[in-house]
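Here is the structure we will look at.
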Amino acid sequence: MDPLIYARHGADAHAGHSSVTGTDGSMSTDTHMSMMAVFQTSMATSLFSTKWTPTTTGAYAGTCIFLIVFAAIFRGLLALKSWQELRWLDKEMNRRYVVVNGKAPLAENLSRDSLGKSAVLSENGVEENVVVVQRRTGGHARPWRLSVDPVRAVIDTVVAGVGYLLMLAVMSMNVGYFLSVLGGTFLGSLLVGRYSSATEH
């Protein structure tokens with residue numbers, strides 16, 4: 001092979017191009033995206049848009065600080081979702097006190113039962129004419145509620161949007177951006193991780 005053709009072929013391969021030599025000695029180049037993902041440390045790495053491209057050290061540092069805060073907010077959103085789900089579940093199913101029509105007060109039943117050794121004690125003592133309804137452990141779907149499900153859908157959408165934006169920041173393969181996302185995740189989990197359920201991680 002002609003050394004000039006060989007040199008051009010090596011340069012094209014290094015730049016992510018594939019070269020084909022024709023029968024008449026001419027070369028045609030087919031550009032394709034390189035499949036190798038490599039981390040890079042260039043400060044001029046665009047974030048979300050070409051208009052957001054740091055050109056100075058200060059702008060790059062500000063972008064990294066933004067990603068730290070953004071990742072921490074993402075962990076906060078996961079904690080909020082988990083806390084809200086538990087709040088809704090406790091409100092509708094967990095230990096609801098229901099007044100039963102015609103049922104004798106618990107204190108009266110206990111006074112007639114000389115062998116009674118246990119009682120349900122609430123803030124108002126045993127005078128409450130109530131029954132404790134426990135949470136079902138089966139896989140029954142909870143009913144659709146106007147006050148719950150639209151709010152859940154909004155929270156899920158916001159969580160997904162923030163998560164995808166963080167994913168795009170990591171996919172830029174910039175070391176500073178990647179470490180900033182990890183730092184924000186650590187910070188957010190340190191602050192509110194105890195409020196998140198295991199399934200939200």
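Following the order of the structure tokens, first chain is A, next is B, and so on, with residues numbered from 1 inside each chain and ligands from 1 in the order they appear.
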
Residues near range 69-85 of chain A, anyone? I mean within 7 Å using only C-alpha atoms, not counting same-chain ones fewer than 3 positions away, as a short mmCIF file (atom, residue, chain, number, x, y, z; two decimals) with N, CA, C and O atoms, in the first residue's frame.
```cif
data_model
loop_
_atom_site.label_atom_id
_atom_site.label_comp_id
_atom_site.auth_asym_id
_atom_site.auth_seq_id
_atom_site.Cartn_x
_atom_site.Cartn_y
_atom_site.Cartn_z
N ILE A 65 -21.30 23.55 40.43
CA ILE A 65 -22.09 23.81 41.65
C ILE A 65 -23.57 23.62 41.36
O ILE A 65 -24.32 23.06 42.17
N PHE A 66 -24.02 24.08 40.19
CA PHE A 66 -25.42 23.87 39.81
C PHE A 66 -25.75 22.38 39.77
O PHE A 66 -26.81 21.96 40.26
N TRP A 88 -50.15 9.28 52.43
CA TRP A 88 -51.42 8.88 51.83
C TRP A 88 -51.88 7.52 52.34
O TRP A 88 -53.05 7.31 52.62
N LEU A 89 -50.92 6.59 52.43
CA LEU A 89 -51.27 5.24 52.86
C LEU A 89 -51.75 5.23 54.29
O LEU A 89 -52.73 4.57 54.63
N ILE A 155 -45.66 14.58 40.70
CA ILE A 155 -44.39 14.29 41.37
C ILE A 155 -43.55 13.32 40.54
O ILE A 155 -42.34 13.52 40.35
N VAL A 159 -39.87 14.11 38.95
CA VAL A 159 -38.74 13.24 39.30
C VAL A 159 -38.09 12.66 38.04
O VAL A 159 -36.86 12.64 37.90
N VAL A 162 -36.10 15.54 36.12
CA VAL A 162 -34.83 15.87 36.76
C VAL A 162 -33.83 14.73 36.59
O VAL A 162 -32.65 14.95 36.32
N GLY A 163 -34.31 13.50 36.71
CA GLY A 163 -33.42 12.35 36.54
C GLY A 163 -32.84 12.26 35.15
O GLY A 163 -31.64 11.99 34.97
N VAL A 181 -22.36 15.46 39.92
CA VAL A 181 -23.60 14.70 40.10
C VAL A 181 -23.45 13.72 41.27
O VAL A 181 -24.35 13.57 42.11
N GLY A 184 -23.51 15.73 44.50
CA GLY A 184 -24.87 16.15 44.86
C GLY A 184 -25.71 14.99 45.36
O GLY A 184 -26.53 15.15 46.27
N THR A 185 -25.50 13.81 44.77
CA THR A 185 -26.22 12.62 45.24
C THR A 185 -25.83 12.29 46.67
O THR A 185 -26.68 11.97 47.51
N LEU A 187 -24.60 14.41 48.93
CA LEU A 187 -25.10 15.46 49.81
C LEU A 187 -26.60 15.30 50.06
O LEU A 187 -27.06 15.39 51.21
N GLY A 188 -27.36 15.06 48.97
CA GLY A 188 -28.81 14.91 49.14
C GLY A 188 -29.17 13.69 49.97
O GLY A 188 -30.08 13.74 50.83
N SER A 189 -28.46 12.59 49.75
CA SER A 189 -28.74 11.38 50.52
C SER A 189 -28.35 11.57 51.98
O SER A 189 -29.00 11.04 52.89
N VAL A 192 -31.39 13.95 53.36
CA VAL A 192 -32.78 13.46 53.39
C VAL A 192 -32.91 12.00 53.02
O VAL A 192 -34.01 11.51 52.80
N GLY A 193 -31.79 11.29 52.95
CA GLY A 193 -31.85 9.88 52.55
C GLY A 193 -32.67 9.02 53.49
O GLY A 193 -33.26 8.02 53.07
N TYR A 195 -35.46 9.60 54.68
CA TYR A 195 -36.88 9.69 54.37
C TYR A 195 -37.26 8.89 53.13
O TYR A 195 -38.44 8.77 52.82
N SER A 196 -36.27 8.41 52.39
CA SER A 196 -36.54 7.67 51.16
C SER A 196 -36.69 6.19 51.46
O SER A 196 -35.96 5.65 52.30
N SER A 197 -37.62 5.56 50.75
CA SER A 197 -37.75 4.12 50.90
C SER A 197 -36.69 3.43 50.05
O SER A 197 -36.09 4.02 49.15
N GLU A 200 -36.85 3.54 46.16
CA GLU A 200 -36.66 4.79 45.44
C GLU A 200 -35.21 5.01 45.05
O GLU A 200 -34.89 5.95 44.34
#
```

Problem - Spatial neighbours of Thr45 in chain A, 8 Å, only C-alpha atoms, chain gap at least 2 places, as a ChimeraX atom specification - result: /A:42-43,47,53-54,172,174

Please write the residues from the selection above to a file, keeping C-alpha atoms, as a CSV table (one decimal), in the first residue's frame.
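This is the output file out.csv:
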```csv
chain,number,residue,atom,x,y,z
A,42,SER,CA,-12.5,20.1,28.7
A,43,MET,CA,-14.1,23.1,30.4
A,47,LEU,CA,-24.7,21.3,29.3
A,53,THR,CA,-21.0,26.2,27.3
A,54,PRO,CA,-18.6,27.4,30.0
A,172,SER,CA,-21.5,14.5,28.4
A,174,ASN,CA,-17.1,15.4,31.4
```

Problem - Which residue of A:Arg87, A:Glu92, A:Met167, A:Ala59 approaches Trp144 in chain A most closely, using only C-alpha atoms - result: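 With only C-alpha atoms as the atom set, the closest residue is A:Glu92.
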
Exercise for the section: Kindly give the distance, in Å, that separates CA of Ala44 in chain A and CA of Thr56 in chain A, rounded to a single decimal. Expected result: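 One can read the CA of Ala44 in chain A to CA of Thr56 in chain A distance as 8.1 Å.
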